[in-house]
Amino acid sequence: MPGNGPDPDAGGDSGLRRLCVYNGGFLTQPRLRRILGLCGYRVTLGLPRPGDLVGVWGQSPTAHRGMAMAARHGAGLVRIEDALLRSLHPGRDGEPPLGLMIDHGGVHFDAAAPSDLETLLATHPLDDSALLDRARGAMAWMAEAHLTKYSAVEPALRPPEPGYVLVIDQTRGDASVSASRADRARFLEMLVFAQVEHPGARVLIKTHPETARGHRAGHFSDVDANDRITLLDRPHSPWSLFEGAVGVYTVSSQMGFEAILAGHRPRVFGQPFYAGWGLTEDEDPVPRRNRILTRAQLFAAAMILYPKWYDPWRDTLCGIETVLATLDARARAWREDRAGWVGVGMRLWKRKPLQGFFGAGTRMVFDNDRARAQQRADDSGRGLMIWAGKADPAERITRIEDGFLRSRGLGAALVPPLSLVCDDLGIYYDPSRPSRLEVLINALAHLRPDQRLRARALIEQLTRAGLSKYNLPGAVPPLPEGHRILVCGQVEDDASILRGSPEVRTNRTLLERARAANPGALILWKPHPDVEAGLRQGTVEHPEQWADAVLAGVDMGALLSCVDEVWTMTSLAGFEALLRGCRVVTLGVPFYAGWGLTHDLGPVPARRTARPDIEGLVHASLIAYPRYRDPVTGLPCPVEVVAERLACGHLPRRGPFNRSLSKLQGLLASRAHLWRR
């Protein structure tokens with residue numbers, strides 16, 4: 001299982017406390033053992049010895065074995081449960097958890113005895129401003145990304161018109177339902193209350209995901225539906241449902257907790273962990289719970305202080321923000337790819353990487369015939385995607401292009417990408433029409449504090465590691481002193497030039513303009529690496545006419561830290577220079593121009609009126625817009641993981657076919673129109 005790390009039973013764990021278990025799941029799930037090992041426990045069989053603990057899974061049917069052994073041997077009992085942000089799919093589908101609740105006092109959903117979570121809620125000050133800021137940011141992130149315990153939900157599914165009452169079903173035999181002493185009669189009573197207290201309002205019964213999948217029966221069924229009551233068994237996002245609800249009713253579902261986070265005051269008919277703190281209307285109060293908490297305080301205890309979160313990329317414990325980023329990336333990929341894709345006109349060497357990005361759940365199909373591909377997409381309900389440079393500007397199709405942290409090596413050398421962008425409106429390098437990136441930049445012009453912190457940390461990570469789009473080797477030679485202006489060469493037949501730089505389209509003109517405007521500056525000319533490799537056009541004859549130095553074979557990330565200013569048509573190097581605080585002059589219209597961060601000499605569209613700071617531009621361009629794939633596990637991942645892999649060199653090598661084809665391309669560089677079709 002990817003990212004599980006070493007087995008804590010494999011030795012070297014003498015400092016771990018023995019945790020005796022009597023449930024096979026602890027032994028068959030490596031992720032479960034790994035998280036427990038990182039928390040200081042060594043899962044083992046056998047009888048408890050003095051100082052040992054006994055671990056049980058919540059109140060599962062096998063928990064009585066461990067309870068009996070703990071009582072017989074005087075061992076402490078540890079109850080373990082999945083954390084409240086578990087995974088994309090339920091555990092029975094084979095997906096490991098991203099966190100655990102490890103409780104020495106009780107179990108969080110059973111109010112018969114105080115759990116460690118209840119003790120936290122009752123006694124912890126919960127007044128640290130940094131902690132509460134983290135809580136508010138994480139709450140907003142969950143709602144925005146539609147994350148829940150099992151995040152395979154579809155935000156695009158719209159609920160009925162607002163004004164309904166939301167009644168939440170749970171599975172029969174669920175331990176939290178049993179702990180609340182609830183049965184079908186209690187659920188039916190709740191349904192009656194929902195109708196009586198909201199006369200005339202429609203009632204939506206949200207079924208449990210495992211009921212919808214046919215795994216476990218719920219307390220409601222079709223016999224409970226009528227003209228007023230509707231069962232929802234599709235994967236609606238809880239956050240979408242909360243928006244239109246005038247009331248929320250639950251026994252003990254986690255959705256009741258999420259309803260609180262969404263601003264509701266749910267009516268609770270059981271005794272879940274979130275009841276009794278002044279945020280719910282309780283039918284069966286817990287007398288010892290008499291503290292009044294805010295939503296942020298409840299979240300801070302239940303989601304930050306109490307769980308043990310696991311980072312599958314680095315095999316370590318982590319904070320909730322890493323889990324949110326992980327789940328966000330996976331949920332986005334599942335939602336966008338669930339119906340499948342038809343790729344039209346994709347080159348053969350690109351198909352395997354595209355399959356890895358977009359075909360993990362439903363395999364992509366490819367077709368070179370545009371009309372036939374459209375028909376296949378229409379007949380199967382799949383999306384239709386095309387490489388952006390091959391799409392007609394007015395065509396309604398999803399365009400694909402390399403992301404801005406692409407690889408360690410050139411795309412023209414057939415190095416597969418670690419990031420791709422999908423754009424359903426246009427494409428980022430074409431300013432003639434809005435793109436999805438433009439929409440994101442406008443939306444993220446004003447960041448939440450947590451978004452700003454994440455963007456700022458990413459900028460620091462990228463600049464500290466000297467990362468750029470291709471991350472090619474090459475030391476920076478000694479440079480003359482003075483005001484250094486880097487002029488970035490580009491591929492002259494690249495789509496970003498043809499569509500995004502209507503007035504200046506040659507590297508020679510770019511150099512001439514830079515020198516004419518800066519007669520006393522030190523002009524540093526850097527050819528594009530594809531042009532240097534002889535794979536694309538854009539060579540400048542005798543660049544020393546305008547440049548004081550020609551920097552061939554130099555790493556862009558290292559070079560940008562040595563210059564004061566960058567001149568470009570549309571190169572991504574201008575964006576990378578902004579991250580490092582350089583002044584940037586654009587002669588074309590790259591995606592980062594026109595927002596008040598650059599000095600623009602090109603015809604910037606009037607619609608670019610937002611004024612984001614650099615963190616807002618980074619959040620839109622590097623966090624929200626691209627999709628990333630971890631080269632180690634092959635899974636969708638956050639941008640920070642790809643940045644770390646690029647910095648540390650944890651990248652797979654190209655296969656022999658790609659290496660051979662790349663060499664053949666070099667031999668046929670003068671016939672690029674043949675192999676690039």
# chains A, B, ... in the order shown; residues from 1 in each chain; ligands from 1
>>> closest_atom_pairs(of="region 137-229 of chain A", to="region 319-338 of chain A", cutoff="12 Å", atoms="only C-alpha atoms", output="tab-separated table")
residue	atom	partner	partner_atom	distance
A:Gly137	CA	A:Glu321	CA	9.1
A:Ala138	CA	A:Glu321	CA	6.9
A:Met139	CA	A:Leu324	CA	10.1
A:Ala140	CA	A:Leu324	CA	10.9
A:Trp141	CA	A:Leu324	CA	7.5
A:Met142	CA	A:Leu324	CA	7.3
A:Ala143	CA	A:Asp328	CA	10.9
A:Glu144	CA	A:Asp328	CA	9.8
A:Ala145	CA	A:Asp328	CA	6.3
A:His146	CA	A:Asp328	CA	8.4
A:Leu147	CA	A:Asp328	CA	7.1
A:Thr148	CA	A:Leu327	CA	9.3
A:Lys149	CA	A:Leu327	CA	10.0
A:Tyr150	CA	A:Ala331	CA	9.5
A:Ser151	CA	A:Ala331	CA	6.2
A:Ala152	CA	A:Ala331	CA	6.2
A:Val153	CA	A:Arg335	CA	7.5
A:Glu154	CA	A:Arg335	CA	6.3
A:Pro155	CA	A:Arg335	CA	8.5
A:Ala156	CA	A:Arg335	CA	9.0
A:Leu157	CA	A:Arg335	CA	11.0
>>> closest_atom_pairs(of="region 90-178 of chain A", to="region 54-73 of chain A", cutoff="12 Å", atoms="only C-alpha atoms", output="JSON lines")
{"residue": "A:Leu100", "atom": "CA", "partner": "A:Trp57", "partner_atom": "CA", "distance": 10.6}
{"residue": "A:Met101", "atom": "CA", "partner": "A:Gly58", "partner_atom": "CA", "distance": 9.4}
{"residue": "A:Ile102", "atom": "CA", "partner": "A:Gly55", "partner_atom": "CA", "distance": 9.3}
{"residue": "A:Asp103", "atom": "CA", "partner": "A:Gly58", "partner_atom": "CA", "distance": 9.1}
{"residue": "A:His104", "atom": "CA", "partner": "A:Gly55", "partner_atom": "CA", "distance": 9.5}
{"residue": "A:Gly105", "atom": "CA", "partner": "A:Gly58", "partner_atom": "CA", "distance": 11.6}
{"residue": "A:Gly106", "atom": "CA", "partner": "A:Gly58", "partner_atom": "CA", "distance": 8.6}
{"residue": "A:Val107", "atom": "CA", "partner": "A:Gly58", "partner_atom": "CA", "distance": 6.2}
{"residue": "A:His108", "atom": "CA", "partner": "A:Gly58", "partner_atom": "CA", "distance": 8.7}
{"residue": "A:Phe109", "atom": "CA", "partner": "A:Gly58", "partner_atom": "CA", "distance": 9.0}
{"residue": "A:Asp110", "atom": "CA", "partner": "A:Gln59", "partner_atom": "CA", "distance": 9.0}
{"residue": "A:Ser115", "atom": "CA", "partner": "A:Gly58", "partner_atom": "CA", "distance": 11.4}
{"residue": "A:Gly173", "atom": "CA", "partner": "A:Ser60", "partner_atom": "CA", "distance": 10.0}
{"residue": "A:Asp174", "atom": "CA", "partner": "A:Ser60", "partner_atom": "CA", "distance": 9.2}
{"residue": "A:Ala175", "atom": "CA", "partner": "A:Gln59", "partner_atom": "CA", "distance": 6.2}
{"residue": "A:Ser176", "atom": "CA", "partner": "A:Gln59", "partner_atom": "CA", "distance": 8.7}
{"residue": "A:Val177", "atom": "CA", "partner": "A:Gln59", "partner_atom": "CA", "distance": 11.2}
{"residue": "A:Ser178", "atom": "CA", "partner": "A:Gln59", "partner_atom": "CA", "distance": 9.5}
>>> residues_around(residues="Ala624 (chain A)", least_positions_apart="4", cutoff="10 Å", atoms="only C-alpha atoms", output="list in words")
Ala329, Val421, Leu437, Leu440, Ile441, Leu444, Val618, His619, Ala620, Pro638 and Val639 of chain A
>>> write_last_selection(atoms="N, CA, C and O atoms", output="PDB file, in the first residue's frame")
ATOM      1  N   ALA A 329      -7.001  17.024  -3.100  1.00  0.00           N
ATOM      2  CA  ALA A 329      -6.437  16.593  -4.385  1.00  0.00           C
ATOM      3  C   ALA A 329      -7.095  15.311  -4.880  1.00  0.00           C
ATOM      4  O   ALA A 329      -7.430  15.178  -6.067  1.00  0.00           O
ATOM      5  N   VAL A 421      -2.827  21.055 -16.398  1.00  0.00           N
ATOM      6  CA  VAL A 421      -3.985  21.904 -16.141  1.00  0.00           C
ATOM      7  C   VAL A 421      -5.117  21.473 -17.061  1.00  0.00           C
ATOM      8  O   VAL A 421      -4.894  21.066 -18.200  1.00  0.00           O
ATOM      9  N   LEU A 437      -8.304  29.801 -15.234  1.00  0.00           N
ATOM     10  CA  LEU A 437      -7.323  30.431 -14.363  1.00  0.00           C
ATOM     11  C   LEU A 437      -7.697  31.883 -14.079  1.00  0.00           C
ATOM     12  O   LEU A 437      -7.553  32.356 -12.947  1.00  0.00           O
ATOM     13  N   LEU A 440     -10.234  31.942 -11.411  1.00  0.00           N
ATOM     14  CA  LEU A 440      -9.647  31.664 -10.102  1.00  0.00           C
ATOM     15  C   LEU A 440      -8.878  32.862  -9.563  1.00  0.00           C
ATOM     16  O   LEU A 440      -8.941  33.164  -8.368  1.00  0.00           O
ATOM     17  N   ILE A 441      -8.133  33.544 -10.421  1.00  0.00           N
ATOM     18  CA  ILE A 441      -7.384  34.716  -9.958  1.00  0.00           C
ATOM     19  C   ILE A 441      -8.346  35.776  -9.435  1.00  0.00           C
ATOM     20  O   ILE A 441      -8.114  36.391  -8.390  1.00  0.00           O
ATOM     21  N   LEU A 444      -9.715  34.618  -6.057  1.00  0.00           N
ATOM     22  CA  LEU A 444      -8.737  34.537  -4.973  1.00  0.00           C
ATOM     23  C   LEU A 444      -7.955  35.834  -4.800  1.00  0.00           C
ATOM     24  O   LEU A 444      -6.871  35.841  -4.222  1.00  0.00           O
ATOM     25  N   VAL A 618      -0.328  33.187  -6.678  1.00  0.00           N
ATOM     26  CA  VAL A 618       0.259  31.859  -6.496  1.00  0.00           C
ATOM     27  C   VAL A 618      -0.808  30.839  -6.122  1.00  0.00           C
ATOM     28  O   VAL A 618      -0.808  29.708  -6.625  1.00  0.00           O
ATOM     29  N   HIS A 619      -1.718  31.223  -5.245  1.00  0.00           N
ATOM     30  CA  HIS A 619      -2.759  30.269  -4.841  1.00  0.00           C
ATOM     31  C   HIS A 619      -3.604  29.859  -6.043  1.00  0.00           C
ATOM     32  O   HIS A 619      -3.922  28.676  -6.228  1.00  0.00           O
ATOM     33  N   ALA A 620      -3.960  30.823  -6.875  1.00  0.00           N
ATOM     34  CA  ALA A 620      -4.756  30.501  -8.053  1.00  0.00           C
ATOM     35  C   ALA A 620      -3.962  29.666  -9.052  1.00  0.00           C
ATOM     36  O   ALA A 620      -4.462  28.663  -9.583  1.00  0.00           O
ATOM     37  N   PRO A 638      -1.148  16.990  -3.510  1.00  0.00           N
ATOM     38  CA  PRO A 638      -1.050  18.444  -3.466  1.00  0.00           C
ATOM     39  C   PRO A 638       0.246  18.934  -4.107  1.00  0.00           C
ATOM     40  O   PRO A 638       1.206  18.183  -4.283  1.00  0.00           O
ATOM     41  N   VAL A 639       0.275  20.222  -4.423  1.00  0.00           N
ATOM     42  CA  VAL A 639       1.438  20.818  -5.066  1.00  0.00           C
ATOM     43  C   VAL A 639       2.688  20.672  -4.209  1.00  0.00           C
ATOM     44  O   VAL A 639       3.796  20.472  -4.734  1.00  0.00           O
TER      45      VAL A 639
END
>>> closest_residue(among="A:Leu121, A:Arg86, A:Leu405, A:Trp341", to="Trp277 (chain A)", atoms="only C-alpha atoms")
A:Leu121
>>> closest_residue(among="A:Lys308, A:Asp284, A:Gly256, A:Gly51", to="Gly37 (chain A)", atoms="only C-alpha atoms")
A:Lys308
>>> residues_around(residues="Asp493 (chain A)", least_positions_apart="5", cutoff="9 Å", atoms="only C-alpha atoms", output="number ranges by chain")
A: 498, 505, 536-538
>>> write_last_selection(atoms="N, CA and C atoms", output="tab-separated table (two decimals), in the first residue's frame")
chain	number	residue	atom	x	y	z
A	498	LEU	N	1.99	32.62	-30.19
A	498	LEU	CA	1.07	32.84	-31.30
A	498	LEU	C	-0.25	33.43	-30.83
A	505	ARG	N	6.82	38.84	-31.43
A	505	ARG	CA	6.75	37.39	-31.56
A	505	ARG	C	8.10	36.74	-31.82
A	536	ARG	N	13.25	22.96	-31.01
A	536	ARG	CA	12.22	23.93	-31.40
A	536	ARG	C	12.90	25.15	-32.02
A	537	GLN	N	12.10	26.00	-32.66
A	537	GLN	CA	12.67	27.17	-33.32
A	537	GLN	C	12.68	28.38	-32.38
A	538	GLY	N	13.62	29.29	-32.61
A	538	GLY	CA	13.73	30.48	-31.78
A	538	GLY	C	15.16	30.94	-31.59
>>> residues_around(residues="region 447-461 of chain A", least_positions_apart="4", cutoff="10 Å", atoms="only C-alpha atoms", output="PyMOL selection string")
chain A and resi 133-138+140-141+321+443+465-467+576+579-580+612-620+622-623+639-640+643-644+647
>>> write_last_selection(atoms="N, CA and C atoms", output="compact mmCIF listing (two decimals), in the first residue's frame")
# COMPACT_ATOMS: atom_id res chain seq x y z
N ASP A 133 -7.61 30.24 14.81
CA ASP A 133 -7.46 30.65 13.41
C ASP A 133 -7.30 29.44 12.51
N ARG A 134 -6.51 28.46 12.96
CA ARG A 134 -6.37 27.22 12.18
C ARG A 134 -7.71 26.53 12.03
N ALA A 135 -8.48 26.52 13.10
CA ALA A 135 -9.80 25.88 13.06
C ALA A 135 -10.70 26.57 12.05
N ARG A 136 -10.74 27.88 12.08
CA ARG A 136 -11.61 28.61 11.15
C ARG A 136 -11.18 28.37 9.71
N GLY A 137 -9.87 28.37 9.47
CA GLY A 137 -9.38 28.12 8.12
C GLY A 137 -9.72 26.71 7.65
N ALA A 138 -9.55 25.74 8.51
CA ALA A 138 -9.85 24.36 8.13
C ALA A 138 -11.34 24.15 7.90
N ALA A 140 -13.45 26.41 6.81
CA ALA A 140 -13.75 27.02 5.52
C ALA A 140 -13.25 26.15 4.37
N TRP A 141 -12.07 25.55 4.54
CA TRP A 141 -11.49 24.68 3.52
C TRP A 141 -12.38 23.46 3.28
N GLU A 321 -4.05 20.34 8.14
CA GLU A 321 -3.90 21.01 6.85
C GLU A 321 -3.33 20.07 5.79
N ALA A 443 -11.33 35.20 -8.21
CA ALA A 443 -11.97 34.71 -6.98
C ALA A 443 -11.02 34.74 -5.80
N ALA A 465 14.25 26.02 -2.72
CA ALA A 465 14.78 24.88 -3.49
C ALA A 465 15.20 25.27 -4.90
N GLY A 466 14.96 26.53 -5.30
CA GLY A 466 15.34 26.98 -6.63
C GLY A 466 14.58 26.28 -7.74
N LEU A 467 13.29 26.00 -7.51
CA LEU A 467 12.52 25.24 -8.49
C LEU A 467 11.95 26.13 -9.58
N GLU A 576 7.84 33.12 -12.36
CA GLU A 576 8.83 32.63 -11.39
C GLU A 576 9.67 33.77 -10.82
N LEU A 579 7.85 35.53 -7.97
CA LEU A 579 7.96 34.82 -6.69
C LEU A 579 9.22 35.24 -5.94
N ARG A 580 10.21 35.69 -6.67
CA ARG A 580 11.49 36.05 -6.06
C ARG A 580 11.65 37.56 -5.89
N PRO A 612 -4.86 41.07 -7.15
CA PRO A 612 -4.35 40.14 -6.14
C PRO A 612 -2.92 40.50 -5.76
N ASP A 613 -2.50 40.11 -4.58
CA ASP A 613 -1.08 40.19 -4.26
C ASP A 613 -0.42 38.91 -4.76
N ILE A 614 0.87 38.77 -4.54
CA ILE A 614 1.58 37.62 -5.09
C ILE A 614 1.06 36.31 -4.50
N GLU A 615 0.64 36.33 -3.22
CA GLU A 615 0.10 35.11 -2.64
C GLU A 615 -1.21 34.69 -3.32
N GLY A 616 -2.05 35.68 -3.66
CA GLY A 616 -3.28 35.35 -4.36
C GLY A 616 -3.02 34.78 -5.74
N LEU A 617 -2.05 35.37 -6.45
CA LEU A 617 -1.71 34.85 -7.77
C LEU A 617 -1.15 33.44 -7.68
N VAL A 618 -0.33 33.19 -6.68
CA VAL A 618 0.26 31.86 -6.50
C VAL A 618 -0.81 30.84 -6.12
N HIS A 619 -1.72 31.22 -5.25
CA HIS A 619 -2.76 30.27 -4.84
C HIS A 619 -3.60 29.86 -6.04
N ALA A 620 -3.96 30.82 -6.88
CA ALA A 620 -4.76 30.50 -8.05
C ALA A 620 -3.96 29.67 -9.05
N LEU A 622 -0.86 27.97 -8.83
CA LEU A 622 -0.11 26.77 -8.46
C LEU A 622 -0.87 25.82 -7.55
N ILE A 623 -1.87 26.32 -6.85
CA ILE A 623 -2.60 25.46 -5.91
C ILE A 623 -3.97 25.05 -6.49
N VAL A 639 0.28 20.22 -4.42
CA VAL A 639 1.44 20.82 -5.07
C VAL A 639 2.69 20.67 -4.21
N GLU A 640 2.55 20.75 -2.90
CA GLU A 640 3.72 20.69 -2.03
C GLU A 640 4.47 19.37 -2.16
N ALA A 643 6.52 19.56 -5.39
CA ALA A 643 7.67 20.44 -5.15
C ALA A 643 8.75 19.73 -4.36
N GLU A 644 8.34 18.95 -3.37
CA GLU A 644 9.32 18.22 -2.55
C GLU A 644 10.01 17.14 -3.36
N ALA A 647 12.51 18.78 -5.59
CA ALA A 647 13.67 19.28 -4.85
C ALA A 647 14.59 18.16 -4.41
>>> closest_residue(among="A:Arg645, A:His124, A:Arg49, A:Arg213", to="Ala301 (chain A)", atoms="only C-alpha atoms")
A:His124
>>> atom_distance(atom1="CA of Glu281 (chain A)", atom2="CA of Arg267 (chain A)")
4.7 Å
>>> atom_distance(atom1="CA of Arg629 (chain A)", atom2="CA of Leu418 (chain A)")
5.5 Å
>>> closest_residue(among="A:Glu438, A:Val584, A:Leu188, A:Ala201", to="Thr609 (chain A)", atoms="only C-alpha atoms")
A:Glu438
>>> decode(residues="region 558-576 of chain A", atoms="N, CA, C and O atoms", output="mmCIF file, in the first residue's frame")
data_model
loop_
_atom_site.group_PDB
_atom_site.id
_atom_site.type_symbol
_atom_site.label_atom_id
_atom_site.label_comp_id
_atom_site.auth_asym_id
_atom_site.auth_seq_id
_atom_site.Cartn_x
_atom_site.Cartn_y
_atom_site.Cartn_z
ATOM 1 N N ALA A 558 18.052 28.925 -10.311
ATOM 2 C CA ALA A 558 19.226 29.542 -9.700
ATOM 3 C C ALA A 558 19.498 30.920 -10.280
ATOM 4 O O ALA A 558 19.891 31.851 -9.573
ATOM 5 N N LEU A 559 19.272 31.075 -11.583
ATOM 6 C CA LEU A 559 19.562 32.344 -12.244
ATOM 7 C C LEU A 559 18.661 33.467 -11.744
ATOM 8 O O LEU A 559 19.111 34.611 -11.572
ATOM 9 N N LEU A 560 17.399 33.171 -11.504
ATOM 10 C CA LEU A 560 16.459 34.219 -11.107
ATOM 11 C C LEU A 560 16.843 34.865 -9.784
ATOM 12 O O LEU A 560 16.492 36.025 -9.541
ATOM 13 N N SER A 561 17.545 34.143 -8.942
ATOM 14 C CA SER A 561 17.956 34.724 -7.660
ATOM 15 C C SER A 561 19.119 35.696 -7.820
ATOM 16 O O SER A 561 19.498 36.360 -6.858
ATOM 17 N N CYS A 562 19.670 35.799 -9.042
ATOM 18 C CA CYS A 562 20.850 36.638 -9.273
ATOM 19 C C CYS A 562 20.533 37.885 -10.091
ATOM 20 O O CYS A 562 21.447 38.649 -10.420
ATOM 21 N N VAL A 563 19.253 38.081 -10.469
ATOM 22 C CA VAL A 563 18.925 39.204 -11.350
ATOM 23 C C VAL A 563 17.965 40.155 -10.651
ATOM 24 O O VAL A 563 17.327 39.811 -9.651
ATOM 25 N N ASP A 564 17.862 41.360 -11.206
ATOM 26 C CA ASP A 564 16.997 42.398 -10.639
ATOM 27 C C ASP A 564 15.695 42.556 -11.400
ATOM 28 O O ASP A 564 14.697 43.038 -10.847
ATOM 29 N N GLU A 565 15.704 42.173 -12.667
ATOM 30 C CA GLU A 565 14.569 42.459 -13.538
ATOM 31 C C GLU A 565 14.500 41.387 -14.613
ATOM 32 O O GLU A 565 15.523 40.808 -14.997
ATOM 33 N N VAL A 566 13.300 41.120 -15.099
ATOM 34 C CA VAL A 566 13.101 40.127 -16.152
ATOM 35 C C VAL A 566 12.245 40.748 -17.247
ATOM 36 O O VAL A 566 11.219 41.378 -16.959
ATOM 37 N N TRP A 567 12.688 40.589 -18.495
ATOM 38 C CA TRP A 567 11.900 40.985 -19.657
ATOM 39 C C TRP A 567 11.495 39.715 -20.400
ATOM 40 O O TRP A 567 12.309 38.810 -20.607
ATOM 41 N N THR A 568 10.230 39.661 -20.805
ATOM 42 C CA THR A 568 9.734 38.466 -21.479
ATOM 43 C C THR A 568 8.546 38.815 -22.349
ATOM 44 O O THR A 568 7.900 39.859 -22.151
ATOM 45 N N MET A 569 8.270 37.938 -23.293
ATOM 46 C CA MET A 569 7.004 38.043 -24.024
ATOM 47 C C MET A 569 5.909 37.413 -23.167
ATOM 48 O O MET A 569 5.066 38.112 -22.616
ATOM 49 N N THR A 570 5.971 36.089 -23.011
ATOM 50 C CA THR A 570 4.949 35.397 -22.209
ATOM 51 C C THR A 570 5.544 34.290 -21.352
ATOM 52 O O THR A 570 4.807 33.464 -20.817
ATOM 53 N N SER A 571 6.849 34.246 -21.204
ATOM 54 C CA SER A 571 7.507 33.115 -20.542
ATOM 55 C C SER A 571 7.049 32.949 -19.096
ATOM 56 O O SER A 571 6.820 33.928 -18.374
ATOM 57 N N LEU A 572 6.966 31.689 -18.682
ATOM 58 C CA LEU A 572 6.665 31.396 -17.282
ATOM 59 C C LEU A 572 7.754 31.926 -16.365
ATOM 60 O O LEU A 572 7.519 32.156 -15.178
ATOM 61 N N ALA A 573 8.938 32.162 -16.898
ATOM 62 C CA ALA A 573 10.016 32.714 -16.077
ATOM 63 C C ALA A 573 9.626 34.052 -15.470
ATOM 64 O O ALA A 573 10.106 34.416 -14.389
ATOM 65 N N GLY A 574 8.747 34.797 -16.130
ATOM 66 C CA GLY A 574 8.278 36.043 -15.546
ATOM 67 C C GLY A 574 7.494 35.809 -14.273
ATOM 68 O O GLY A 574 7.652 36.539 -13.279
ATOM 69 N N PHE A 575 6.656 34.791 -14.269
ATOM 70 C CA PHE A 575 5.915 34.421 -13.062
ATOM 71 C C PHE A 575 6.877 33.956 -11.979
ATOM 72 O O PHE A 575 6.762 34.351 -10.807
ATOM 73 N N GLU A 576 7.844 33.121 -12.355
ATOM 74 C CA GLU A 576 8.828 32.633 -11.392
ATOM 75 C C GLU A 576 9.667 33.774 -10.821
ATOM 76 O O GLU A 576 10.086 33.734 -9.656
#
